[in-house]
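Participant: Input entry09.cif, format and content: mmCIF, C-alpha atoms and all ligand atoms.
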```cif
data_query
#
loop_
_atom_site.label_atom_id
_atom_site.label_comp_id
_atom_site.auth_asym_id
_atom_site.auth_seq_id
_atom_site.Cartn_x
_atom_site.Cartn_y
_atom_site.Cartn_z
CA MET A 1 20.29 31.56 -10.28
CA ALA A 2 21.92 29.37 -12.93
CA ALA A 3 25.52 30.30 -12.18
CA GLU A 4 27.87 28.59 -9.75
CA LEU A 5 28.69 30.94 -6.88
CA ILE A 6 32.46 31.35 -6.53
CA ASP A 7 32.84 31.37 -2.76
CA GLY A 8 35.76 33.71 -2.05
CA LYS A 9 35.46 33.22 1.71
CA ALA A 10 35.86 29.44 1.45
CA ILE A 11 38.70 29.63 -1.10
CA ALA A 12 40.47 32.29 1.00
CA ALA A 13 40.20 29.96 4.02
CA LYS A 14 41.80 27.18 1.97
CA VAL A 15 44.67 29.53 0.92
CA ARG A 16 45.18 30.59 4.55
CA GLY A 17 45.41 26.91 5.51
CA GLU A 18 48.11 26.38 2.88
CA VAL A 19 49.95 29.45 4.18
CA ALA A 20 49.77 28.16 7.78
CA GLU A 21 51.46 24.92 6.63
CA LYS A 22 54.26 26.91 4.97
CA VAL A 23 54.62 29.09 8.08
CA ARG A 24 55.04 25.96 10.26
CA ALA A 25 57.72 24.63 7.89
CA PHE A 26 59.50 28.02 7.86
CA GLN A 27 59.44 28.21 11.67
CA ALA A 28 60.81 24.67 11.98
CA ALA A 29 63.61 25.33 9.49
CA HIS A 30 64.66 28.82 10.59
CA GLY A 31 63.61 29.16 14.23
CA ARG A 32 61.41 32.18 13.64
CA ALA A 33 58.11 32.98 11.97
CA PRO A 34 57.80 35.12 8.81
CA GLY A 35 57.26 38.79 9.72
CA LEU A 36 54.78 41.19 8.13
CA ALA A 37 54.73 44.96 8.72
CA VAL A 38 51.74 47.10 7.76
CA VAL A 39 52.09 50.88 7.51
CA ARG A 40 48.88 52.84 7.89
CA VAL A 41 48.70 56.62 7.63
CA GLY A 42 45.78 58.63 8.97
CA HIS A 43 42.24 57.60 9.80
CA ASP A 44 40.56 56.23 6.69
CA PRO A 45 37.82 54.06 8.29
CA ALA A 46 37.89 51.36 5.59
CA SER A 47 41.70 51.11 5.80
CA GLU A 48 41.42 50.67 9.56
CA VAL A 49 39.11 47.67 9.01
CA TYR A 50 41.26 46.11 6.27
CA VAL A 51 44.49 46.52 8.25
CA ARG A 52 42.87 44.98 11.33
CA GLY A 53 41.83 42.07 9.09
CA LYS A 54 45.37 41.67 7.75
CA ILE A 55 46.94 41.68 11.23
CA LYS A 56 44.38 39.19 12.57
CA ALA A 57 44.62 36.84 9.58
CA SER A 58 48.43 36.85 9.60
CA GLY A 59 48.47 36.01 13.33
CA GLU A 60 46.12 33.09 12.71
CA THR A 61 48.61 31.56 10.25
CA GLY A 62 51.38 31.80 12.86
CA MET A 63 53.15 34.78 11.31
CA VAL A 64 54.38 37.72 13.33
CA SER A 65 52.80 41.00 12.28
CA GLU A 66 53.03 44.60 13.36
CA GLU A 67 51.15 47.76 12.49
CA HIS A 68 52.91 51.11 12.18
CA HIS A 69 50.37 53.89 12.42
CA LEU A 70 51.37 57.40 11.35
CA PRO A 71 49.28 60.56 11.89
CA GLU A 72 46.93 61.97 9.22
CA ASP A 73 49.31 64.91 8.58
CA ALA A 74 52.44 62.74 8.15
CA SER A 75 54.72 63.94 5.35
CA THR A 76 56.17 61.83 2.53
CA SER A 77 59.55 61.94 4.33
CA GLU A 78 58.04 60.59 7.53
CA VAL A 79 56.39 57.70 5.70
CA LEU A 80 59.65 57.04 3.82
CA ALA A 81 61.53 56.96 7.14
CA ALA A 82 59.14 54.28 8.47
CA VAL A 83 59.57 52.23 5.29
CA GLU A 84 63.37 52.53 5.44
CA ARG A 85 63.41 51.27 9.05
CA LEU A 86 61.35 48.25 8.02
CA ASN A 87 63.53 47.61 4.96
CA ALA A 88 66.51 47.33 7.34
CA ASP A 89 64.73 45.14 9.92
CA PRO A 90 65.89 41.50 9.48
CA LYS A 91 62.77 40.10 11.23
CA ILE A 92 60.47 41.71 8.64
CA ASP A 93 59.96 39.76 5.41
CA GLY A 94 56.98 41.64 4.03
CA ILE A 95 56.02 45.33 4.06
CA LEU A 96 52.87 46.97 2.80
CA VAL A 97 51.65 50.52 2.91
CA GLN A 98 47.88 50.59 3.11
CA LEU A 99 46.22 52.66 0.37
CA PRO A 100 44.82 55.24 -0.04
CA LEU A 101 47.35 57.58 1.54
CA PRO A 102 46.46 61.13 2.62
CA LYS A 103 46.84 63.49 -0.34
CA GLN A 104 50.04 65.22 0.86
CA VAL A 105 51.93 61.90 0.70
CA ASP A 106 53.48 60.97 -2.66
CA GLU A 107 52.13 57.45 -3.13
CA GLN A 108 54.42 56.19 -5.89
CA THR A 109 57.56 57.50 -4.15
CA VAL A 110 56.53 55.62 -1.00
CA LEU A 111 55.68 52.38 -2.84
CA ASP A 112 58.97 52.48 -4.75
CA ALA A 113 60.91 52.92 -1.49
CA ILE A 114 59.87 49.47 -0.25
CA ALA A 115 62.63 46.91 -0.84
CA PRO A 116 61.33 44.93 -3.87
CA ALA A 117 61.99 41.62 -2.06
CA LYS A 118 59.75 42.77 0.83
CA ASP A 119 57.05 44.34 -1.38
CA VAL A 120 54.28 41.84 -0.62
CA ASP A 121 51.66 44.00 -2.37
CA GLY A 122 53.61 43.73 -5.64
CA PHE A 123 53.17 47.47 -6.32
CA HIS A 124 56.90 48.35 -6.59
CA LEU A 125 58.12 49.37 -10.04
CA ILE A 126 60.44 46.34 -10.14
CA ASN A 127 57.67 43.85 -9.38
CA ALA A 128 55.27 45.57 -11.80
CA GLY A 129 58.05 45.49 -14.43
CA LYS A 130 58.76 41.81 -13.82
CA LEU A 131 55.09 41.00 -14.43
CA LEU A 132 55.11 43.12 -17.59
CA SER A 133 58.16 41.35 -18.96
CA GLY A 134 56.87 37.86 -18.16
CA ARG A 135 59.34 37.12 -15.36
CA LYS A 136 58.03 34.56 -12.86
CA ASP A 137 60.17 35.69 -9.93
CA GLY A 138 58.34 38.95 -9.09
CA VAL A 139 55.68 39.49 -6.44
CA ARG A 140 52.16 39.59 -7.89
CA ALA A 141 49.56 42.15 -6.77
CA CYS A 142 47.23 40.45 -4.29
CA THR A 143 43.81 41.15 -5.78
CA PRO A 144 44.56 40.03 -9.37
CA PHE A 145 46.64 37.12 -8.08
CA GLY A 146 43.66 36.08 -5.93
CA ILE A 147 41.35 36.35 -8.94
CA MET A 148 43.56 33.94 -10.90
CA ARG A 149 43.15 31.49 -8.02
CA LEU A 150 39.35 32.00 -7.97
CA LEU A 151 39.19 31.25 -11.70
CA ARG A 152 41.28 28.12 -11.22
CA GLU A 153 39.10 26.91 -8.34
CA ALA A 154 36.00 27.52 -10.49
CA GLY A 155 37.48 25.28 -13.18
CA CYS A 156 38.21 28.11 -15.62
CA ASP A 157 41.43 27.85 -17.63
CA PRO A 158 41.88 31.27 -19.30
CA ALA A 159 43.96 29.83 -22.19
CA GLY A 160 42.34 30.75 -25.50
CA LYS A 161 39.42 32.53 -23.82
CA ARG A 162 38.38 36.13 -24.48
CA ALA A 163 38.85 38.12 -21.26
CA VAL A 164 37.57 41.64 -20.70
CA VAL A 165 39.04 43.62 -17.81
CA ILE A 166 37.04 46.73 -16.94
CA GLY A 167 39.30 49.24 -15.18
CA ARG A 168 42.94 50.20 -15.70
CA SER A 169 44.25 50.94 -12.21
CA ASN A 170 47.82 50.03 -11.28
CA ILE A 171 46.63 47.86 -8.41
CA VAL A 172 43.93 45.82 -10.15
CA GLY A 173 43.16 46.44 -13.84
CA LYS A 174 46.64 46.54 -15.37
CA PRO A 175 48.17 43.62 -13.41
CA MET A 176 44.95 41.64 -13.97
CA ALA A 177 45.25 42.06 -17.72
CA LEU A 178 48.90 40.94 -17.59
CA LEU A 179 48.15 37.86 -15.47
CA LEU A 180 45.37 36.81 -17.85
CA LEU A 181 47.70 37.36 -20.79
CA GLU A 182 50.35 35.27 -19.04
CA ALA A 183 47.67 32.54 -18.76
CA ASN A 184 47.17 32.78 -22.54
CA ALA A 185 43.82 34.59 -22.59
CA THR A 186 43.04 37.12 -25.33
CA VAL A 187 42.70 40.25 -23.23
CA THR A 188 40.83 43.52 -23.80
CA VAL A 189 41.12 46.33 -21.25
CA CYS A 190 38.07 48.60 -21.05
CA HIS A 191 37.75 51.88 -19.14
CA SER A 192 35.67 55.03 -18.79
CA ARG A 193 36.41 56.07 -22.41
CA THR A 194 35.56 52.69 -23.97
CA ARG A 195 33.07 53.39 -26.75
CA ASP A 196 30.73 50.41 -26.40
CA LEU A 197 31.25 48.59 -23.13
CA ALA A 198 28.15 46.40 -23.59
CA GLU A 199 29.50 45.11 -26.90
CA GLU A 200 32.94 44.33 -25.41
CA VAL A 201 31.43 42.52 -22.41
CA ALA A 202 29.04 40.52 -24.61
CA ARG A 203 32.02 38.94 -26.40
CA ALA A 204 33.84 37.93 -23.22
CA ASP A 205 34.26 34.44 -21.78
CA ILE A 206 35.79 36.04 -18.67
CA VAL A 207 34.70 39.43 -17.29
CA VAL A 208 36.65 41.14 -14.51
CA ALA A 209 34.88 44.31 -13.38
CA ALA A 210 37.05 46.73 -11.41
CA ILE A 211 35.75 50.17 -12.27
CA GLY A 212 34.17 51.21 -8.97
CA ARG A 213 30.69 52.06 -10.32
CA PRO A 214 27.70 50.31 -8.74
CA GLU A 215 26.16 47.70 -11.06
CA LEU A 216 27.55 49.38 -14.19
CA VAL A 217 27.86 45.98 -15.88
CA ARG A 218 24.31 44.93 -16.70
CA GLY A 219 23.30 41.30 -16.43
CA ALA A 220 21.92 41.31 -19.98
CA TRP A 221 25.41 42.09 -21.37
CA ILE A 222 26.90 38.86 -20.01
CA ARG A 223 27.55 36.11 -22.53
CA GLU A 224 25.89 32.77 -21.66
CA GLY A 225 28.43 30.62 -19.80
CA ALA A 226 30.89 33.44 -18.99
CA TYR A 227 32.96 33.62 -15.78
CA VAL A 228 32.20 36.87 -13.98
CA ILE A 229 34.54 38.32 -11.36
CA ASP A 230 33.34 41.41 -9.52
CA VAL A 231 36.04 43.48 -7.82
CA GLY A 232 33.72 46.43 -7.12
CA MET A 233 32.85 47.41 -3.57
CA ASN A 234 30.34 50.24 -3.68
CA ARG A 235 28.49 51.33 -0.57
CA LEU A 236 25.01 52.65 -1.50
CA GLU A 237 23.30 55.39 0.51
CA SER A 238 21.08 52.66 1.99
CA GLY A 239 24.26 51.13 3.46
CA LYS A 240 24.08 48.10 1.15
CA LEU A 241 27.34 46.97 -0.42
CA VAL A 242 27.09 46.19 -4.15
CA GLY A 243 29.61 45.32 -6.82
CA ASP A 244 30.22 46.68 -10.30
CA VAL A 245 28.02 43.94 -11.79
CA GLU A 246 24.22 43.64 -11.67
CA PHE A 247 24.55 40.38 -9.75
CA ALA A 248 21.10 38.71 -9.91
CA ALA A 249 20.66 39.25 -13.67
CA ALA A 250 24.28 38.33 -14.47
CA ALA A 251 23.94 35.13 -12.44
CA GLN A 252 21.11 34.01 -14.76
CA ARG A 253 23.57 33.91 -17.68
CA ALA A 254 27.04 33.27 -16.22
CA ALA A 255 28.65 29.87 -15.67
CA ALA A 256 30.12 31.17 -12.41
CA ILE A 257 30.14 34.50 -10.60
CA THR A 258 31.67 36.05 -7.48
CA PRO A 259 29.36 37.68 -4.92
CA VAL A 260 29.97 41.04 -3.23
CA PRO A 261 30.75 40.79 -0.38
CA GLY A 262 32.41 37.39 0.01
CA GLY A 263 34.07 37.08 -3.39
CA VAL A 264 37.28 38.86 -4.35
CA GLY A 265 37.76 40.86 -1.10
CA PRO A 266 38.71 37.96 1.21
CA MET A 267 41.17 36.70 -1.43
CA THR A 268 43.11 40.00 -1.33
CA ILE A 269 44.08 39.33 2.28
CA ALA A 270 44.73 35.60 1.76
CA MET A 271 47.09 36.30 -1.16
CA LEU A 272 48.91 38.93 0.90
CA LEU A 273 49.70 36.21 3.46
CA SER A 274 50.75 33.85 0.69
CA ASN A 275 53.06 36.52 -0.79
CA THR A 276 54.55 37.14 2.67
CA VAL A 277 55.52 33.53 3.39
CA ASP A 278 56.88 33.23 -0.16
CA ALA A 279 58.91 36.44 0.36
CA ALA A 280 60.31 35.04 3.62
CA ASN A 281 61.45 31.86 1.86
CA ALA A 282 62.88 33.81 -1.09
CA ARG A 283 64.87 36.10 1.23
CA ILE A 284 66.42 33.09 2.98
CA ALA A 285 67.18 31.42 -0.36
CA ALA A 286 68.89 34.62 -1.63
CA LYS A 287 71.29 34.81 1.37
N1 LIG A 301 48.25 48.35 0.22
C1 LIG A 301 47.04 48.00 -0.26
N2 LIG A 301 46.02 48.85 -0.17
C2 LIG A 301 44.80 48.48 -0.66
C3 LIG A 301 44.61 47.20 -1.24
C4 LIG A 301 45.71 46.34 -1.33
O1 LIG A 301 45.64 45.20 -1.88
N3 LIG A 301 46.92 46.76 -0.82
N4 LIG A 301 43.32 46.79 -1.61
C5 LIG A 301 42.16 47.56 -1.17
C6 LIG A 301 41.66 47.29 0.22
N5 LIG A 301 41.80 45.91 0.73
C7 LIG A 301 43.00 45.50 1.19
O2 LIG A 301 43.88 46.24 1.48
C8 LIG A 301 40.65 45.06 0.93
C9 LIG A 301 39.41 45.45 0.48
C10 LIG A 301 38.29 44.65 0.75
C11 LIG A 301 38.41 43.45 1.45
C12 LIG A 301 37.24 42.61 1.80
O3 LIG A 301 37.39 41.53 2.29
N6 LIG A 301 36.02 43.10 1.57
C13 LIG A 301 34.81 42.41 1.97
C14 LIG A 301 33.72 43.44 2.23
C15 LIG A 301 34.09 44.37 3.33
C16 LIG A 301 32.98 45.37 3.67
O4 LIG A 301 31.91 44.94 4.10
O5 LIG A 301 33.23 46.58 3.52
C17 LIG A 301 34.33 41.45 0.88
O6 LIG A 301 34.54 41.76 -0.30
O7 LIG A 301 33.75 40.44 1.24
C18 LIG A 301 39.67 43.06 1.87
C19 LIG A 301 40.77 43.87 1.62
C20 LIG A 301 42.51 49.04 -1.23
N7 LIG A 301 43.74 49.32 -0.55
#
```
Let me see the file written as C-alpha cells.
Facilitator:
Amino acid sequence: MAAELIDGKAIAAKVRGEVAEKVRAFQAAHGRAPGLAVVRVGHDPASEVYVRGKIKASGETGMVSEEHHLPEDASTSEVLAAVERLNADPKIDGILVQLPLPKQVDEQTVLDAIAPAKDVDGFHLINAGKLLSGRKDGVRACTPFGIMRLLREAGCDPAGKRAVVIGRSNIVGKPMALLLLEANATVTVCHSRTRDLAEEVARADIVVAAIGRPELVRGAWIREGAYVIDVGMNRLESGKLVGDVEFAAAAQRAAAITPVPGGVGPMTIAMLLSNTVDAANARIAAK
C-alpha cells in the first residue's frame, strides 16, 4: 500500500481530548457541564449502537448526556413534543434526533423543530442555510465537518484542488460540497445520474465517496496522489463491512486514504461532541 492511512480512530481520540479540555473550562466557569440530549425513535439496531456510542463518548469528556427513547409507532407530534421539552430545558445545550426515523415520522419537520442554537447535528434549515450563505456562526454537520478535520490532519489543504463529492444527501454530500467550497476547492458533486463517474473521479485531487454502494469507486479510477475519503458503510452478506471505495486498489494510487471501519465513522461522534461544547459556550455568550 503506497498511501498514508488516515487513522480516524486516532484523530477522533485527539478531538475528544480537545473537547474534554473545553468541558473542564466550561464546568469551572459556569458550575455545570454541557448537556447533550439524544432522541431515538424505535428499534433500528444500528441507531441503537451509534446512540450508545454517543452517550458513552460524551460521558467520557465530562459532559452530561441523556437518551430519550420513543416507541417504534411514535407519531410526528410525539417526537415534536419531546424536542420541544428539550428546547425549553436550560440544562440541555445540544439536541440530536438519531436518523433514520420510522417512516410515519416527518423527518424534516422534526429536525426543523430543534432550536437552531441547540441543533448539534447542523441539520436545521437555519444551520444549513448559514453554511450555504458562507456564514461562520452556524453549526456544521458532523460527518462533513469531521472530514475537513481528517483532510487537515493528513496535510491536505483543499484550496485550489479539484474535489469530487459522490452523493448529494442533506447530511453528507451537500454540506460536504459547501465546506470544500468554503475551503476554496473547485467542487463537483456526482450522483446516481452522473454520466461518467470514472472520468470525474480520475480528475479529482480529493474524492469523498458517500453514495452507499459497496466499492463502487474502483481503485483504477483514482488519480495518483489523490486524497480519498470513504464515507460508505456497507455490510456485505458475509458480514464484512466495506466502504464505497475499492480500498486495496485505491490505496496503491492515493496519497492518503481513510479505512472502513476506523476512518470517517469515529469522527462523526467526535465532531458531535465538539459541536455540543461549542453550542454550550455560544448559548452562554448569547445571554
Ligand atoms: N442524527 C444523526 N443521525 C445519523 C448520523 C448523524 O450524524 N446524525 N450519521 C449516521 C450514523 N452515525 C451517527 O449517528 C454513525 C455512523 C457510523 C459510526 C462509526 O463509528 N462507524 C464505525 C463502524 C461501525 C460498524 O462496525 O458498524 C466506523 O466507521 O469505524 C459512527 C456514527 C446516520 N444517522
Participant: With all atoms listed in the file counted and 8 Å as the cut-off, give the residues of chain A in contact with ligand LIG 301 (chain A), each with its shortest interatomic distance in Å and the pair that gives it, as CSV.
Facilitator:
```
residue,atom,partner,partner_atom,distance
A:Gly8,CA,A:LIG301,O7,7.8
A:Lys9,CA,A:LIG301,O7,7.4
A:Ala46,CA,A:LIG301,O5,7.0
A:Ser47,CA,A:LIG301,C6,6.8
A:Tyr50,CA,A:LIG301,C19,5.2
A:Val51,CA,A:LIG301,O2,6.8
A:Gly53,CA,A:LIG301,C18,7.6
A:Lys54,CA,A:LIG301,O2,7.9
A:Leu96,CA,A:LIG301,N1,5.5
A:Val97,CA,A:LIG301,N1,4.8
A:Gln98,CA,A:LIG301,N1,3.7
A:Leu99,CA,A:LIG301,N2,3.9
A:Pro100,CA,A:LIG301,N7,6.0
A:Asp121,CA,A:LIG301,N3,5.7
A:Ala141,CA,A:LIG301,O1,7.0
A:Cys142,CA,A:LIG301,O1,5.6
A:Thr143,CA,A:LIG301,O1,5.9
A:Ile171,CA,A:LIG301,O1,7.1
A:Val231,CA,A:LIG301,O6,7.9
A:Met233,CA,A:LIG301,O6,6.7
A:Arg235,CA,A:LIG301,O5,7.9
A:Leu241,CA,A:LIG301,O4,6.7
A:Val260,CA,A:LIG301,O6,5.5
A:Pro261,CA,A:LIG301,O7,3.4
A:Gly262,CA,A:LIG301,O7,3.6
A:Gly263,CA,A:LIG301,O6,5.6
A:Val264,CA,A:LIG301,O6,5.7
A:Gly265,CA,A:LIG301,C12,3.4
A:Pro266,CA,A:LIG301,O3,4.0
A:Met267,CA,A:LIG301,O3,7.2
A:Thr268,CA,A:LIG301,C19,5.4
A:Ile269,CA,A:LIG301,C19,5.7
A:Leu272,CA,A:LIG301,O1,7.6
```
Participant: Between A:Val64, A:Glu182, A:Pro175, A:Ala28, which residue has the minimum interatomic distance to Lys136 of chain A, considering only C-alpha atoms?
Facilitator: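 Of all the options, A:Glu182 lies closest to Lys136 of chain A.
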Participant: With 4 Å of padding per side, what axis-aligned box (centre and edge lengths, Å, one decimal) covers all the listed atoms of segment 99-105 of chain A? Give it as lines of an AutoDock Vina configuration file.
Facilitator:
```
center_x = 48.4
center_y = 58.9
center_z = 1.1
size_x = 15.1
size_y = 20.6
size_z = 11.0
```
Participant: What are the closest atom pairs, with distances in Å to one decimal, for each residue of segment 46-132 of chain A lying within 9 Å of segment 32-35 of chain A, using only C-alpha atoms, rows by chain and rising residue number, as a tab-separated table?
Facilitator:
```
residue	atom	partner	partner_atom	distance
A:Gly62	CA	A:Ala33	CA	6.9
A:Met63	CA	A:Pro34	CA	5.3
A:Val64	CA	A:Gly35	CA	4.7
A:Ser65	CA	A:Gly35	CA	5.6
A:Glu66	CA	A:Gly35	CA	8.1
A:Lys91	CA	A:Gly35	CA	5.9
A:Ile92	CA	A:Gly35	CA	4.5
A:Asp93	CA	A:Gly35	CA	5.2
A:Gly94	CA	A:Gly35	CA	6.4
A:Ile95	CA	A:Gly35	CA	8.7
```
Participant: Restrict the selected residues to C-alpha atoms and save them as a PDB file, keeping the file's coordinate frame.
Facilitator:
```
ATOM      1  CA  GLY A  62      51.380  31.800  12.860  1.00  0.00           C
ATOM      2  CA  MET A  63      53.150  34.780  11.310  1.00  0.00           C
ATOM      3  CA  VAL A  64      54.380  37.720  13.330  1.00  0.00           C
ATOM      4  CA  SER A  65      52.800  41.000  12.280  1.00  0.00           C
ATOM      5  CA  GLU A  66      53.030  44.600  13.360  1.00  0.00           C
ATOM      6  CA  LYS A  91      62.770  40.100  11.230  1.00  0.00           C
ATOM      7  CA  ILE A  92      60.470  41.710   8.640  1.00  0.00           C
ATOM      8  CA  ASP A  93      59.960  39.760   5.410  1.00  0.00           C
ATOM      9  CA  GLY A  94      56.980  41.640   4.030  1.00  0.00           C
ATOM     10  CA  ILE A  95      56.020  45.330   4.060  1.00  0.00           C
TER      11      ILE A  95
END
```
Participant: Between A:Gly129, A:Gly155, A:Pro90, A:Gly160, single out the one closest to Tyr227 of chain A, counting all atoms listed in the file.
Facilitator: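 Ranked by minimum distance to Tyr227 of chain A, first place goes to A:Gly155.
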Participant: Do you have the atom CA of Asp89 of chain A-atom CA of Thr276 of chain A distance handy?
Facilitator: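 Separating atom CA of Asp89 of chain A from atom CA of Thr276 of chain A is a distance of 14.8 Å.
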Participant: Give as a list of chain:residue names each residue that has an atom at most 10 Å from (38.2, 29.7, -9.0) in the file, counting only C-alpha atoms.
Facilitator: A:Leu5, A:Ile6, A:Asp7, A:Gly8, A:Ile11, A:Gly146, A:Ile147, A:Met148, A:Arg149, A:Leu150, A:Leu151, A:Arg152, A:Glu153, A:Ala154, A:Gly155, A:Cys156, A:Asp157, A:Tyr227, A:Ile229, A:Ala256, A:Ile257, A:Thr258
Participant: Would you list the contacts of Glu18 of chain A as a PyMOL selection string, taking every protein, DNA or RNA residue within 10 Å and counting only C-alpha atoms, but skipping same-chain residues closer than 4 positions in sequence?
Facilitator: chain A and resi 12-14+22-23+61+270+273-274
Participant: Which is closest to Asn281 of chain A among A:Ala3, A:Asp73, A:Asp230, A:Lys118, if we use all atoms listed in the file?
Facilitator: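 Of all the options, A:Lys118 lies closest to Asn281 of chain A.
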Participant: Go through A:Leu131, A:Ser75, A:Leu80, A:Ala209 and flag the residue nearest Asp112 of chain A, using all atoms listed in the file for the distances.
Facilitator: A:Leu80
Participant: For Ile166 of chain A, find every residue with an atom within 12 Å (counting all atoms listed in the file), except residues of its own chain fewer than 2 positions away, and show them as a PDB file with C-alpha atoms, keeping the file's coordinate frame.
Facilitator:
```pdb
ATOM      1  CA  ALA A 163      38.850  38.120 -21.260  1.00  0.00           C
ATOM      2  CA  VAL A 164      37.570  41.640 -20.700  1.00  0.00           C
ATOM      3  CA  ARG A 168      42.940  50.200 -15.700  1.00  0.00           C
ATOM      4  CA  SER A 169      44.250  50.940 -12.210  1.00  0.00           C
ATOM      5  CA  VAL A 172      43.930  45.820 -10.150  1.00  0.00           C
ATOM      6  CA  GLY A 173      43.160  46.440 -13.840  1.00  0.00           C
ATOM      7  CA  LYS A 174      46.640  46.540 -15.370  1.00  0.00           C
ATOM      8  CA  MET A 176      44.950  41.640 -13.970  1.00  0.00           C
ATOM      9  CA  ALA A 177      45.250  42.060 -17.720  1.00  0.00           C
ATOM     10  CA  VAL A 187      42.700  40.250 -23.230  1.00  0.00           C
ATOM     11  CA  THR A 188      40.830  43.520 -23.800  1.00  0.00           C
ATOM     12  CA  VAL A 189      41.120  46.330 -21.250  1.00  0.00           C
ATOM     13  CA  CYS A 190      38.070  48.600 -21.050  1.00  0.00           C
ATOM     14  CA  HIS A 191      37.750  51.880 -19.140  1.00  0.00           C
ATOM     15  CA  SER A 192      35.670  55.030 -18.790  1.00  0.00           C
ATOM     16  CA  ARG A 193      36.410  56.070 -22.410  1.00  0.00           C
ATOM     17  CA  THR A 194      35.560  52.690 -23.970  1.00  0.00           C
ATOM     18  CA  ASP A 196      30.730  50.410 -26.400  1.00  0.00           C
ATOM     19  CA  LEU A 197      31.250  48.590 -23.130  1.00  0.00           C
ATOM     20  CA  ALA A 198      28.150  46.400 -23.590  1.00  0.00           C
ATOM     21  CA  GLU A 200      32.940  44.330 -25.410  1.00  0.00           C
ATOM     22  CA  VAL A 201      31.430  42.520 -22.410  1.00  0.00           C
ATOM     23  CA  ALA A 204      33.840  37.930 -23.220  1.00  0.00           C
ATOM     24  CA  ILE A 206      35.790  36.040 -18.670  1.00  0.00           C
ATOM     25  CA  VAL A 207      34.700  39.430 -17.290  1.00  0.00           C
ATOM     26  CA  VAL A 208      36.650  41.140 -14.510  1.00  0.00           C
ATOM     27  CA  ALA A 209      34.880  44.310 -13.380  1.00  0.00           C
ATOM     28  CA  ALA A 210      37.050  46.730 -11.410  1.00  0.00           C
ATOM     29  CA  ILE A 211      35.750  50.170 -12.270  1.00  0.00           C
ATOM     30  CA  GLY A 212      34.170  51.210  -8.970  1.00  0.00           C
ATOM     31  CA  ARG A 213      30.690  52.060 -10.320  1.00  0.00           C
ATOM     32  CA  LEU A 216      27.550  49.380 -14.190  1.00  0.00           C
ATOM     33  CA  VAL A 217      27.860  45.980 -15.880  1.00  0.00           C
ATOM     34  CA  VAL A 228      32.200  36.870 -13.980  1.00  0.00           C
ATOM     35  CA  ILE A 229      34.540  38.320 -11.360  1.00  0.00           C
ATOM     36  CA  ASP A 230      33.340  41.410  -9.520  1.00  0.00           C
ATOM     37  CA  VAL A 231      36.040  43.480  -7.820  1.00  0.00           C
ATOM     38  CA  GLY A 232      33.720  46.430  -7.120  1.00  0.00           C
ATOM     39  CA  ASP A 244      30.220  46.680 -10.300  1.00  0.00           C
ATOM     40  CA  VAL A 245      28.020  43.940 -11.790  1.00  0.00           C
TER      41      VAL A 245
END
```
Participant: Mind pulling up the distance from atom CA of Pro116 of chain A to atom CA of Gly31 of chain A?
Facilitator: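 It comes out at 24.1 Å.
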Participant: Please return as a PyMOL selection string every residue within 10 Å of (61.3, 45.4, -3.5), taking into account only C-alpha atoms and the file's own coordinates.
Facilitator: chain A and resi 87+94-95+111-127+138-139
Participant: Select, from A:Ile222, A:Ser58, A:Lys103, A:Thr109, the residue with the minimum atom-to-atom distance to Ala81 of chain A, counting only C-alpha atoms.
Facilitator: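 Checking each candidate against Ala81 of chain A, we get A:Thr109 as the closest.
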Participant: Taking all atoms listed in the file into account, produce a table as a tab-separated table in which each residue of segment 141-237 of chain A with an atom at most 7 Å from an atom of segment 247-254 of chain A appears once, together with its shortest atom pair and the distance in Å to one decimal, ordered by chain and rising number.
Facilitator:
```
residue	atom	partner	partner_atom	distance
A:Arg218	CA	A:Ala250	CA	7.0
A:Gly219	CA	A:Ala250	CA	3.7
A:Ala220	CA	A:Ala250	CA	6.7
A:Ile222	CA	A:Ala250	CA	6.2
A:Arg223	CA	A:Arg253	CA	6.6
A:Glu224	CA	A:Arg253	CA	4.7
A:Gly225	CA	A:Ala254	CA	4.7
A:Ala226	CA	A:Ala254	CA	4.7
A:Tyr227	CA	A:Ala254	CA	5.9
A:Val228	CA	A:Ala254	CA	6.7
```
Participant: What is the distance between atom CA of Val110 of chain A and atom CA of Val83 of chain A, in Å to one decimal?
Facilitator: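 The value is 7.8 Å.
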Participant: Rank A:Lys56, A:Arg40, A:Lys130, A:His68 by their smallest atom-to-atom distance to Arg16 of chain A, using only C-alpha atoms, and report the top residue only.
Facilitator: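 Checking each candidate against Arg16 of chain A, we get A:Lys56 as the closest.
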